[in-house]
Every structure is written in structure tokens, then in C-alpha cells.
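The data block below is model_22.txt; it holds compact mmCIF, C-alpha atoms and all ligand atoms.
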```txt
# COMPACT_ATOMS: atom_id res chain seq x y z
CA MET A 824 0.00 0.00 0.00
CA ALA A 825 1.52 3.27 -1.12
CA LEU A 826 -0.71 5.67 0.79
CA PRO A 827 -1.28 5.19 4.53
CA ALA A 828 -4.32 7.50 4.51
CA MET A 829 -6.01 5.37 1.90
CA ALA A 830 -5.19 2.20 3.80
CA SER A 831 -7.11 3.33 6.86
CA ASP A 832 -10.18 4.29 4.81
CA VAL A 833 -10.12 0.95 3.11
CA SER A 834 -9.78 -1.01 6.34
CA THR A 835 -12.81 0.88 7.72
CA ILE A 836 -14.89 -0.14 4.71
CA ALA A 837 -13.63 -3.72 5.01
CA THR A 838 -14.33 -4.08 8.72
CA THR A 839 -17.76 -2.46 8.61
CA VAL A 840 -19.42 -2.94 5.21
CA CYS A 841 -17.77 -6.10 3.86
CA PHE A 842 -17.58 -7.67 7.31
CA ALA A 843 -21.36 -8.17 7.37
CA CYS A 844 -21.15 -10.98 4.81
CA HIS A 845 -17.51 -11.82 4.19
CA GLY A 846 -16.78 -12.09 7.92
CA GLU A 847 -13.79 -11.19 10.02
CA ASN A 848 -10.93 -10.13 7.70
CA GLY A 849 -12.69 -11.79 4.76
CA ASN A 850 -12.93 -15.22 6.39
CA SER A 851 -16.63 -15.76 5.80
CA ILE A 852 -18.24 -18.47 7.91
CA THR A 853 -21.39 -18.65 5.76
CA PRO A 854 -21.12 -21.00 2.76
CA ILE A 855 -22.95 -18.74 0.30
CA PHE A 856 -20.57 -15.84 0.98
CA PRO A 857 -17.11 -16.48 -0.48
CA LYS A 858 -13.98 -16.28 1.62
CA ILE A 859 -11.88 -13.44 0.24
CA ALA A 860 -9.06 -13.33 2.83
CA GLY A 861 -5.75 -14.09 1.12
CA GLN A 862 -7.37 -13.98 -2.32
CA GLN A 863 -5.17 -12.66 -5.13
CA ARG A 864 -5.10 -8.85 -5.17
CA VAL A 865 -5.50 -8.48 -8.94
CA TYR A 866 -8.42 -10.91 -8.95
CA ILE A 867 -10.34 -9.14 -6.14
CA THR A 868 -10.01 -5.76 -7.82
CA LYS A 869 -11.07 -7.22 -11.16
CA GLN A 870 -14.21 -8.75 -9.63
CA LEU A 871 -15.18 -5.50 -7.87
CA LYS A 872 -14.83 -3.52 -11.10
CA GLU A 873 -16.87 -6.10 -12.96
CA PHE A 874 -19.69 -6.13 -10.38
CA ALA A 875 -19.70 -2.34 -10.76
CA SER A 876 -19.79 -2.38 -14.55
CA GLY A 877 -22.36 -5.18 -14.76
CA LYS A 878 -19.92 -7.60 -16.39
CA ARG A 879 -20.39 -9.95 -13.41
CA ALA A 880 -23.99 -10.08 -12.27
CA ASN A 881 -25.09 -10.57 -8.66
CA ASP A 882 -28.13 -9.09 -6.93
CA ILE A 883 -26.37 -8.91 -3.55
CA MET A 884 -22.90 -7.58 -4.46
CA VAL A 885 -23.80 -5.08 -7.16
CA PRO A 886 -25.75 -2.57 -5.02
CA ILE A 887 -23.13 -2.70 -2.24
CA ILE A 888 -20.24 -1.54 -4.33
CA GLN A 889 -22.02 1.26 -6.19
CA GLY A 890 -20.50 3.91 -3.93
CA LEU A 891 -16.90 2.74 -4.26
CA SER A 892 -14.27 4.52 -6.37
CA ASP A 893 -11.61 2.78 -8.47
CA THR A 894 -9.11 3.73 -5.76
CA ASP A 895 -11.28 2.06 -3.09
CA MET A 896 -11.55 -1.09 -5.20
CA ALA A 897 -7.79 -1.27 -5.70
CA GLY A 898 -7.26 -0.63 -1.98
CA LEU A 899 -9.78 -3.30 -0.97
CA GLY A 900 -8.03 -5.77 -3.29
CA ALA A 901 -4.74 -5.05 -1.57
CA TRP A 902 -6.22 -5.14 1.95
CA PHE A 903 -8.06 -8.46 1.61
CA SER A 904 -5.14 -10.09 -0.22
CA GLU A 905 -2.96 -9.35 2.81
CA GLN A 906 -5.34 -10.96 5.34
CA LYS A 907 -4.54 -14.41 6.65
CA ALA A 908 -6.89 -17.04 5.22
CA ALA A 909 -8.50 -19.45 7.67
CA PRO A 910 -8.42 -23.09 6.50
CA GLY A 911 -11.53 -24.72 5.07
CA LYS A 912 -12.98 -28.03 6.22
CA VAL A 913 -13.42 -31.28 4.30
CA GLU A 914 -16.72 -32.92 5.21
CA ASP A 915 -16.47 -36.04 3.04
CA GLY A 916 -12.97 -37.49 2.78
CA GLU A 917 -13.86 -40.06 0.11
CA LEU A 918 -15.42 -37.46 -2.13
CA ALA A 919 -12.38 -35.24 -1.66
CA MET A 920 -10.15 -38.08 -2.94
CA VAL A 921 -12.19 -38.23 -6.16
CA GLY A 922 -11.85 -34.47 -6.49
CA LYS A 923 -8.13 -34.61 -5.83
CA ARG A 924 -7.54 -36.61 -8.98
CA LEU A 925 -9.61 -34.24 -11.10
CA PHE A 926 -7.85 -31.21 -9.64
CA HIS A 927 -4.35 -32.49 -10.40
CA GLU A 928 -4.93 -34.59 -13.51
CA GLY A 929 -8.18 -33.44 -15.11
CA ASN A 930 -10.45 -35.91 -16.91
CA VAL A 931 -8.89 -37.09 -20.16
CA SER A 932 -12.03 -38.82 -21.40
CA THR A 933 -14.14 -35.64 -21.30
CA GLY A 934 -11.36 -33.14 -22.03
CA VAL A 935 -11.35 -31.46 -18.60
CA PRO A 936 -7.90 -29.94 -18.02
CA ALA A 937 -6.18 -30.19 -14.65
CA CYS A 938 -7.24 -27.31 -12.40
CA GLU A 939 -3.70 -27.05 -11.09
CA GLY A 940 -2.53 -25.95 -14.55
CA CYS A 941 -3.95 -22.50 -13.81
CA HIS A 942 -4.89 -22.40 -10.11
CA GLN A 943 -1.53 -23.99 -9.07
CA ALA A 944 -0.95 -27.31 -7.33
CA ASP A 945 -1.69 -25.86 -3.88
CA GLY A 946 -4.74 -23.93 -5.13
CA GLU A 947 -3.14 -20.61 -4.20
CA GLY A 948 -3.45 -19.15 -7.71
CA ASN A 949 -1.21 -16.32 -8.86
CA GLU A 950 -1.49 -12.89 -10.48
CA ARG A 951 -3.48 -14.35 -13.37
CA TYR A 952 -5.63 -16.95 -11.63
CA PRO A 953 -7.70 -16.79 -8.45
CA ARG A 954 -6.91 -18.60 -5.25
CA LEU A 955 -9.34 -21.48 -4.63
CA ALA A 956 -7.76 -23.08 -1.54
CA GLY A 957 -10.02 -23.42 1.50
CA GLN A 958 -13.11 -22.02 -0.21
CA HIS A 959 -16.61 -23.06 0.93
CA GLN A 960 -17.86 -26.07 -1.05
CA ALA A 961 -21.25 -24.49 -1.78
CA TYR A 962 -19.69 -21.34 -3.20
CA SER A 963 -17.27 -23.22 -5.47
CA VAL A 964 -20.08 -25.39 -6.82
CA SER A 965 -22.27 -22.33 -7.41
CA GLN A 966 -19.55 -20.61 -9.46
CA LEU A 967 -18.82 -23.74 -11.51
CA ASN A 968 -22.53 -23.96 -12.34
CA ASN A 969 -22.63 -20.25 -13.16
CA PHE A 970 -19.74 -20.63 -15.60
CA LYS A 971 -21.32 -23.74 -17.08
CA ASN A 972 -24.71 -22.14 -17.74
CA GLY A 973 -23.21 -18.79 -18.72
CA THR A 974 -24.68 -16.77 -15.82
CA ARG A 975 -21.07 -15.87 -15.06
CA ALA A 976 -19.21 -14.83 -18.20
CA ASN A 977 -16.47 -12.50 -16.97
CA ASP A 978 -13.59 -14.93 -17.60
CA ARG A 979 -11.31 -13.60 -20.31
CA GLY A 980 -11.15 -15.83 -23.37
CA LYS A 981 -13.90 -18.07 -21.87
CA VAL A 982 -11.15 -20.09 -20.17
CA MET A 983 -13.21 -21.04 -17.14
CA ARG A 984 -16.45 -21.55 -19.08
CA ALA A 985 -14.63 -23.99 -21.36
CA VAL A 986 -13.60 -25.99 -18.28
CA ALA A 987 -16.96 -25.85 -16.47
CA GLU A 988 -19.07 -26.89 -19.47
CA ARG A 989 -17.24 -30.23 -19.44
CA LEU A 990 -17.81 -30.88 -15.73
CA SER A 991 -20.62 -33.08 -14.45
CA GLU A 992 -22.52 -32.15 -11.29
CA ASP A 993 -20.77 -35.01 -9.43
CA GLU A 994 -17.35 -33.78 -10.56
CA MET A 995 -18.16 -30.25 -9.37
CA LYS A 996 -19.10 -31.52 -5.92
CA ALA A 997 -16.00 -33.72 -5.70
CA VAL A 998 -13.53 -31.05 -6.78
CA ALA A 999 -15.17 -28.46 -4.48
CA GLU A 1000 -14.78 -30.90 -1.58
CA TYR A 1001 -11.07 -31.28 -2.32
CA ILE A 1002 -10.57 -27.53 -2.77
CA ALA A 1003 -12.08 -26.89 0.70
CA GLY A 1004 -9.21 -28.85 2.24
CA LEU A 1005 -6.36 -27.21 0.34
C1 LIG B 1101 -24.83 -8.40 1.88
C2 LIG B 1101 -23.73 -9.33 1.71
C3 LIG B 1101 -22.42 -8.84 1.11
C4 LIG B 1101 -21.68 -7.71 1.46
C5 LIG B 1101 -22.01 -6.67 2.51
C6 LIG B 1101 -20.50 -7.74 0.63
N1 LIG B 1101 -20.52 -8.84 -0.18
FE1 LIG B 1101 -19.05 -9.40 -1.50
N2 LIG B 1101 -20.17 -10.99 -2.08
C7 LIG B 1101 -21.41 -11.33 -1.59
C8 LIG B 1101 -21.91 -12.48 -2.33
C9 LIG B 1101 -23.24 -13.19 -2.12
C10 LIG B 1101 -20.92 -12.82 -3.28
C11 LIG B 1101 -20.96 -13.97 -4.30
C12 LIG B 1101 -21.55 -13.46 -5.59
C13 LIG B 1101 -21.73 -14.56 -6.60
O1 LIG B 1101 -22.27 -15.60 -6.25
O2 LIG B 1101 -21.32 -14.35 -7.74
C14 LIG B 1101 -19.83 -11.86 -3.10
C15 LIG B 1101 -18.69 -11.86 -3.85
C16 LIG B 1101 -17.62 -11.01 -3.65
C17 LIG B 1101 -16.37 -11.08 -4.37
C18 LIG B 1101 -15.99 -12.09 -5.41
C19 LIG B 1101 -15.28 -13.24 -4.72
C20 LIG B 1101 -14.77 -14.30 -5.63
O3 LIG B 1101 -14.15 -15.24 -5.11
O4 LIG B 1101 -14.98 -14.22 -6.85
C21 LIG B 1101 -15.57 -10.08 -3.88
C22 LIG B 1101 -14.15 -9.76 -4.30
C23 LIG B 1101 -16.34 -9.37 -2.88
N3 LIG B 1101 -17.58 -9.96 -2.76
C24 LIG B 1101 -15.87 -8.29 -2.16
C25 LIG B 1101 -16.64 -7.54 -1.27
C26 LIG B 1101 -16.18 -6.33 -0.65
C27 LIG B 1101 -14.80 -5.73 -0.85
C28 LIG B 1101 -17.19 -5.88 0.14
C29 LIG B 1101 -17.25 -4.60 0.95
C30 LIG B 1101 -17.12 -3.37 0.19
C31 LIG B 1101 -18.30 -6.84 0.00
N4 LIG B 1101 -17.91 -7.83 -0.87
C32 LIG B 1101 -19.51 -6.77 0.67
C33 LIG B 1101 -22.06 -10.70 -0.55
C34 LIG B 1101 -21.67 -9.53 0.07
C1 LIG B 1102 -6.94 -22.38 -18.36
C2 LIG B 1102 -6.92 -21.88 -17.00
C3 LIG B 1102 -7.92 -22.50 -16.01
C4 LIG B 1102 -8.11 -23.82 -15.72
C5 LIG B 1102 -7.46 -25.04 -16.35
C6 LIG B 1102 -9.07 -23.84 -14.63
N1 LIG B 1102 -9.45 -22.57 -14.29
FE1 LIG B 1102 -10.76 -22.03 -12.84
N2 LIG B 1102 -10.55 -20.06 -13.34
C7 LIG B 1102 -9.71 -19.57 -14.31
C8 LIG B 1102 -9.84 -18.14 -14.36
C9 LIG B 1102 -9.09 -17.20 -15.29
C10 LIG B 1102 -10.80 -17.77 -13.39
C11 LIG B 1102 -11.25 -16.36 -13.01
C12 LIG B 1102 -12.14 -15.73 -14.05
C13 LIG B 1102 -12.41 -14.28 -13.71
O1 LIG B 1102 -11.54 -13.44 -13.95
O2 LIG B 1102 -13.46 -13.98 -13.16
C14 LIG B 1102 -11.22 -19.01 -12.76
C15 LIG B 1102 -12.18 -19.08 -11.74
C16 LIG B 1102 -12.54 -20.24 -11.09
C17 LIG B 1102 -13.47 -20.31 -9.99
C18 LIG B 1102 -14.20 -19.16 -9.35
C19 LIG B 1102 -13.35 -18.62 -8.21
C20 LIG B 1102 -14.06 -17.60 -7.37
O3 LIG B 1102 -13.48 -17.24 -6.33
O4 LIG B 1102 -15.16 -17.16 -7.71
C21 LIG B 1102 -13.55 -21.63 -9.62
C22 LIG B 1102 -14.40 -22.22 -8.50
C23 LIG B 1102 -12.67 -22.37 -10.49
N3 LIG B 1102 -12.07 -21.50 -11.37
C24 LIG B 1102 -12.49 -23.74 -10.41
C25 LIG B 1102 -11.72 -24.48 -11.31
C26 LIG B 1102 -11.67 -25.93 -11.30
C27 LIG B 1102 -12.39 -26.82 -10.31
C28 LIG B 1102 -10.86 -26.29 -12.35
C29 LIG B 1102 -10.48 -27.70 -12.81
C30 LIG B 1102 -11.61 -28.62 -13.08
C31 LIG B 1102 -10.41 -25.07 -12.98
N4 LIG B 1102 -10.95 -23.99 -12.32
C32 LIG B 1102 -9.56 -25.01 -14.07
C33 LIG B 1102 -8.86 -20.33 -15.10
C34 LIG B 1102 -8.76 -21.71 -15.12
```

Whole structure, C-alpha cells version:
Amino acid sequence: MALPAMASDVSTIATTVCFACHGENGNSITPIFPKIAGQQRVYITKQLKEFASGKRANDIMVPIIQGLSDTDMAGLGAWFSEQKAAPGKVEDGELAMVGKRLFHEGNVSTGVPACEGCHQADGEGNERYPRLAGQHQAYSVSQLNNFKNGTRANDRGKVMRAVAERLSEDEMKAVAEYIAGL
């Protein structure tokens, strides 16, 4: 963070407004609200701008960020990316083992690429790809479905839609279970 004054404004927004759904420091405890603590800075800022512009639709998020400036969005991306992410919890170990294979190897018979190719082997992502590690199962499944049915179409070059359209419902659940434990 270059400007200390901006940092304090941003942390106030984060700990009052965003806190209501995304929880303490972005570690949401409610499955429908994504964890954003430790998420990639570039990715967070991109999502906020796209909720604002209508490129990513969501009835809950869109009205909340209407009052934010580009500077706020960049600052919030930096602030949440620096928060320590709390680990997720695997609820079904057997299902997670099925998902593990898909995550690291993909599914050759249906043309699903390995998730690790973009999201990294530990699910931490990088400047180009979001962090998935520790995310709530229900949220991951909801986004995979959104990409598959086109409700979410803000992935450049349709990279994520091309992956999701090849996933079955069972594969989505399995890979989301594995991701929760990364
Ligand atoms: C009233 C609840 C609510 C509040 C308050 C809220 N959010 Fe969200 N946020 C959501 C929901 C629900 C989603 C998931 C949207 C979807 O399913 O596409 C979301 C998604 C996001 C995402 C995308 C996460 C991802 O992994 O793609 C980011 C980033 C985000 N919110 C940041 C913020 C910030 C920053 C604030 C504070 C300025 C905030 N949110 C306030 C409910 C909320
Ligand atoms: C070719 C690269 C690529 C591969 C392979 C890939 N993804 Fe993605 N994924 C992306 C990109 C890029 C985004 C973010 C799109 C955006 O900017 O909104 C994304 C977003 C996601 C999201 C939404 C994250 C969030 O916080 O909302 C999930 C969940 C996801 N991917 C799961 C997977 C799974 C599971 C696999 C393997 C079956 C996979 N991805 C394979 C590139 C990839």
C-alpha cells in the first residue's frame, strides 16, 4: 500500500461494510458468501470492477459496491489479499479423494484440463488466476454452475467456461470438496 491515509479508509470499509457478509478479515463463515481473505489482489479488484460495470452479475454484491471509487476497489483488493486465510474443512474425505484426482490430472475422457494448470498445485493461484484453496464447497459449486450455464461470463477468453461446461454435477461436488481442504 503506497498511501497510509487510503489504507485506513479501506480497512474501515472492510471491517464495517464487507464484514457483514464476508466475515472477520474476509474469512466468511457462511457458505454462500465467499472467503476473500488471502485472495489474489488483482483478482479481487477485477471482480469488484466487474460487479460495478455489470460484467459480473449478482443481486447482492452489485448494489453494495455502487458507492466505491476505483481507488477504493484497488485498496480493498490489496487489503483483503494481505489478510490471513483461515483453513476450510473437508466434510467427506472419500469425495475429496475423487476431487483430488480431477484437480491435479483433469479428466482425459471428457477433455477437462487439470485445475492445477492454472490455479496452481496448492490452489493458491497467482497474479493471473484466483486462489481457490479453503473455499466453501457451496460457493465453489455455485460458481462452476454459473460458468457452465453462462450466468457468469467475466472470464477472459472463456477459459473457465470452457472448463466448467465439461464438468458433471458429481465432478463439481468432488472437486469443491477437495478444494475446501487445500
Ligand atoms: C450483503 C452481503 C455482502 C456484502 C455486505 C459484501 N458482499 Fe461481496 N459478495 C457477496 C456475495 C453473495 C458474493 C458472491 C456473488 C456470486 O455468487 O457471484 C460476493 C462476492 C464477492 C467477491 C468475489 C469473490 C470471488 O471469489 O470471486 C468479492 C471480491 C467481494 N464480494 C468483495 C466484497 C467487498 C470488498 C465488500 C465490501 C465493500 C463486499 N464484498 C460486501 C455478498 C456480500
Ligand atoms: C486455463 C486456466 C484455467 C483452468 C485449467 C481452470 N481454471 Fe478455474 N478459473 C480460471 C480463471 C481465469 C478464473 C477467473 C475468471 C475471472 O476473472 O473472473 C477461474 C475461476 C474459477 C473459480 C471461481 C473462483 C471464485 O473465487 O469465484 C472456480 C471455483 C474455479 N475456477 C475452479 C476451477 C476448477 C475446479 C478447475 C479444474 C476442473 C479449474 N478452475 C480449471 C482459469 C482456469

Q.
Distance limit 6 Å, reference ligand LIG 1102 (chain B), atoms considered: all atoms listed in the file. Which residues make the cut? Give them as a PyMOL selection string.
A. chain A and resi 926+936-938+940-941+952-953+963+966-967+977-978+982-983+986+998

Which residues of chain A come within 9 Å of ligand LIG 1101 (chain B), and what is each one's closest atom pair and distance in Å (one decimal), counting all atoms listed in the file, sorted by chain and residue number, as CSV?
```
residue,atom,partner,partner_atom,distance
A:Val833,CA,B:LIG1101,C30,8.7
A:Ile836,CA,B:LIG1101,C30,6.0
A:Ala837,CA,B:LIG1101,C29,5.5
A:Thr838,CA,B:LIG1101,C29,8.3
A:Thr839,CA,B:LIG1101,C29,8.0
A:Val840,CA,B:LIG1101,C29,5.1
A:Cys841,CA,B:LIG1101,C29,3.3
A:Phe842,CA,B:LIG1101,C5,6.6
A:Ala843,CA,B:LIG1101,C5,5.1
A:Cys844,CA,B:LIG1101,C2,4.4
A:His845,CA,B:LIG1101,N1,6.1
A:Gly849,CA,B:LIG1101,C25,8.4
A:Ile855,CA,B:LIG1101,C9,6.1
A:Phe856,CA,B:LIG1101,C9,4.9
A:Pro857,CA,B:LIG1101,O3,5.6
A:Lys858,CA,B:LIG1101,O3,6.8
A:Ile859,CA,B:LIG1101,C19,6.0
A:Gln862,CA,B:LIG1101,O3,7.4
A:Tyr866,CA,B:LIG1101,C22,7.5
A:Ile867,CA,B:LIG1101,C22,4.3
A:Thr868,CA,B:LIG1101,C22,6.7
A:Lys869,CA,B:LIG1101,C22,7.9
A:Gln870,CA,B:LIG1101,C22,5.4
A:Leu871,CA,B:LIG1101,C22,5.7
A:Phe874,CA,B:LIG1101,C17,8.5
A:Arg879,CA,B:LIG1101,O2,7.2
A:Ala880,CA,B:LIG1101,O2,6.8
A:Asn881,CA,B:LIG1101,O2,5.4
A:Asp882,CA,B:LIG1101,C9,8.0
A:Ile883,CA,B:LIG1101,C9,5.5
A:Met884,CA,B:LIG1101,C7,5.0
A:Val885,CA,B:LIG1101,FE1,8.6
A:Ile887,CA,B:LIG1101,C32,6.2
A:Ile888,CA,B:LIG1101,C30,5.8
A:Leu891,CA,B:LIG1101,C30,7.6
A:Asp895,CA,B:LIG1101,C30,8.6
A:Met896,CA,B:LIG1101,C27,7.1
A:Leu899,CA,B:LIG1101,C27,5.6
A:Gly900,CA,B:LIG1101,C27,7.2
A:Phe903,CA,B:LIG1101,C27,7.7
A:Pro953,CA,B:LIG1101,O3,7.4
A:Arg954,CA,B:LIG1101,O3,8.0
A:Leu955,CA,B:LIG1101,O3,7.9
A:Gln958,CA,B:LIG1101,O3,8.4
A:Tyr962,CA,B:LIG1101,O1,7.0
A:Ser963,CA,B:LIG1101,O3,8.6
A:Ser965,CA,B:LIG1101,O1,6.8
A:Gln966,CA,B:LIG1101,O1,6.5
A:Asn969,CA,B:LIG1101,O2,8.1
A:Arg975,CA,B:LIG1101,O2,7.5
```

Would you put the residues from that selection into a file with C-alpha atoms, as an mmCIF file, in the coordinates of the input?
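Contents of the output file out15.cif:
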```cif
data_model
loop_
_atom_site.group_PDB
_atom_site.id
_atom_site.type_symbol
_atom_site.label_atom_id
_atom_site.label_comp_id
_atom_site.auth_asym_id
_atom_site.auth_seq_id
_atom_site.Cartn_x
_atom_site.Cartn_y
_atom_site.Cartn_z
ATOM 1 C CA VAL A 833 -10.120 0.950 3.110
ATOM 2 C CA ILE A 836 -14.890 -0.140 4.710
ATOM 3 C CA ALA A 837 -13.630 -3.720 5.010
ATOM 4 C CA THR A 838 -14.330 -4.080 8.720
ATOM 5 C CA THR A 839 -17.760 -2.460 8.610
ATOM 6 C CA VAL A 840 -19.420 -2.940 5.210
ATOM 7 C CA CYS A 841 -17.770 -6.100 3.860
ATOM 8 C CA PHE A 842 -17.580 -7.670 7.310
ATOM 9 C CA ALA A 843 -21.360 -8.170 7.370
ATOM 10 C CA CYS A 844 -21.150 -10.980 4.810
ATOM 11 C CA HIS A 845 -17.510 -11.820 4.190
ATOM 12 C CA GLY A 849 -12.690 -11.790 4.760
ATOM 13 C CA ILE A 855 -22.950 -18.740 0.300
ATOM 14 C CA PHE A 856 -20.570 -15.840 0.980
ATOM 15 C CA PRO A 857 -17.110 -16.480 -0.480
ATOM 16 C CA LYS A 858 -13.980 -16.280 1.620
ATOM 17 C CA ILE A 859 -11.880 -13.440 0.240
ATOM 18 C CA GLN A 862 -7.370 -13.980 -2.320
ATOM 19 C CA TYR A 866 -8.420 -10.910 -8.950
ATOM 20 C CA ILE A 867 -10.340 -9.140 -6.140
ATOM 21 C CA THR A 868 -10.010 -5.760 -7.820
ATOM 22 C CA LYS A 869 -11.070 -7.220 -11.160
ATOM 23 C CA GLN A 870 -14.210 -8.750 -9.630
ATOM 24 C CA LEU A 871 -15.180 -5.500 -7.870
ATOM 25 C CA PHE A 874 -19.690 -6.130 -10.380
ATOM 26 C CA ARG A 879 -20.390 -9.950 -13.410
ATOM 27 C CA ALA A 880 -23.990 -10.080 -12.270
ATOM 28 C CA ASN A 881 -25.090 -10.570 -8.660
ATOM 29 C CA ASP A 882 -28.130 -9.090 -6.930
ATOM 30 C CA ILE A 883 -26.370 -8.910 -3.550
ATOM 31 C CA MET A 884 -22.900 -7.580 -4.460
ATOM 32 C CA VAL A 885 -23.800 -5.080 -7.160
ATOM 33 C CA ILE A 887 -23.130 -2.700 -2.240
ATOM 34 C CA ILE A 888 -20.240 -1.540 -4.330
ATOM 35 C CA LEU A 891 -16.900 2.740 -4.260
ATOM 36 C CA ASP A 895 -11.280 2.060 -3.090
ATOM 37 C CA MET A 896 -11.550 -1.090 -5.200
ATOM 38 C CA LEU A 899 -9.780 -3.300 -0.970
ATOM 39 C CA GLY A 900 -8.030 -5.770 -3.290
ATOM 40 C CA PHE A 903 -8.060 -8.460 1.610
ATOM 41 C CA PRO A 953 -7.700 -16.790 -8.450
ATOM 42 C CA ARG A 954 -6.910 -18.600 -5.250
ATOM 43 C CA LEU A 955 -9.340 -21.480 -4.630
ATOM 44 C CA GLN A 958 -13.110 -22.020 -0.210
ATOM 45 C CA TYR A 962 -19.690 -21.340 -3.200
ATOM 46 C CA SER A 963 -17.270 -23.220 -5.470
ATOM 47 C CA SER A 965 -22.270 -22.330 -7.410
ATOM 48 C CA GLN A 966 -19.550 -20.610 -9.460
ATOM 49 C CA ASN A 969 -22.630 -20.250 -13.160
ATOM 50 C CA ARG A 975 -21.070 -15.870 -15.060
#
```

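Remark: for Asn930 in chain A, the closest of the candidate residues A:Leu1005, A:Ile852, A:Leu990, A:Ala897 is A:Leu990 (distances computed over only C-alpha atoms).
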
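The shell of residues at most 10 Å from Gly911 in chain A, with all atoms listed in the file counted and near chain neighbours (fewer than 6 positions) removed, consists of Asn850, Ile852, Lys858, Ala956, Gly957, Gln958, His959, Gln960, Glu1000, Tyr1001, Ile1002, Ala1003, Gly1004 and Leu1005 of chain A.
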
Output file for the selection above: C-alpha atoms, as a PDB file, keeping the file's coordinate frame:
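Written file, result.pdb:
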```
ATOM      1  CA  ASN A 850     -12.930 -15.220   6.390  1.00  0.00           C
ATOM      2  CA  ILE A 852     -18.240 -18.470   7.910  1.00  0.00           C
ATOM      3  CA  LYS A 858     -13.980 -16.280   1.620  1.00  0.00           C
ATOM      4  CA  ALA A 956      -7.760 -23.080  -1.540  1.00  0.00           C
ATOM      5  CA  GLY A 957     -10.020 -23.420   1.500  1.00  0.00           C
ATOM      6  CA  GLN A 958     -13.110 -22.020  -0.210  1.00  0.00           C
ATOM      7  CA  HIS A 959     -16.610 -23.060   0.930  1.00  0.00           C
ATOM      8  CA  GLN A 960     -17.860 -26.070  -1.050  1.00  0.00           C
ATOM      9  CA  GLU A1000     -14.780 -30.900  -1.580  1.00  0.00           C
ATOM     10  CA  TYR A1001     -11.070 -31.280  -2.320  1.00  0.00           C
ATOM     11  CA  ILE A1002     -10.570 -27.530  -2.770  1.00  0.00           C
ATOM     12  CA  ALA A1003     -12.080 -26.890   0.700  1.00  0.00           C
ATOM     13  CA  GLY A1004      -9.210 -28.850   2.240  1.00  0.00           C
ATOM     14  CA  LEU A1005      -6.360 -27.210   0.340  1.00  0.00           C
TER      15      LEU A1005
END
```

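Here CA of Thr974 in chain A and CA of Pro886 in chain A stand 17.9 Å from one another.
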
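In this comparison, which uses all atoms listed in the file, the residue of A:Ala901, A:Ala875, A:Leu918, A:Ala908 approaching Ala860 in chain A most closely is A:Ala908.
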
**Q.** Nearest to Lys996 in chain A, chosen from A:Asp915, A:Ser876, A:Gly890, A:Gln906, with only C-alpha atoms counted in the distances
**A.**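 Answer, going by the shortest atom-to-atom distance: A:Asp915.
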
Q.
What's the separation between CA of Ala961 in chain A and CA of Val913 in chain A, in Å to one decimal place?
A.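 Value for the CA of Ala961 in chain A-CA of Val913 in chain A distance: 12.0 Å.
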
Q: Identify which of the residues A:Val865, A:Lys981, A:Glu947, A:Glu939 lies closest to Leu925 in chain A, counting all atoms listed in the file when measuring atom-to-atom distances.
A: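 Between A:Val865, A:Lys981, A:Glu947, A:Glu939, the residue approaching Leu925 in chain A most closely is A:Glu939.
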
If you count only C-alpha atoms, which residues fall within 10 Å of Glu992 in chain A, apart from same-chain ones fewer than 5 positions away, as a tab-separated table (two decimals) with C-alpha atoms, keeping the file's coordinate frame?
```tsv
chain	number	residue	atom	x	y	z
A	964	VAL	CA	-20.08	-25.39	-6.82
A	967	LEU	CA	-18.82	-23.74	-11.51
A	968	ASN	CA	-22.53	-23.96	-12.34
A	987	ALA	CA	-16.96	-25.85	-16.47
A	997	ALA	CA	-16.00	-33.72	-5.70
```

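Computed from the coordinates, the CA of Gly980 in chain A to CA of Trp902 in chain A distance equals 27.9 Å.
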
Q.
From the options A:Arg989, A:Arg864, A:Asn848, A:Gly973, which residue's atoms come nearest to Ser904 in chain A, counting all atoms listed in the file?
A.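 Smallest distance to Ser904 in chain A is found for A:Arg864.
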
Q: Determine the nearest neighbour of Lys907 in chain A from the options A:Asp945, A:Glu928, A:Glu847, A:Glu873, counting all atoms listed in the file.
A: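 Checking each candidate against Lys907 in chain A, we get A:Glu847 as the closest.
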
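Neighbourhood of point (-14.3, 3.0, -12.5): residues with an atom at most 7 Å away, counting all atoms listed in the file, are Lys872, Ser892 and Asp893 of chain A.
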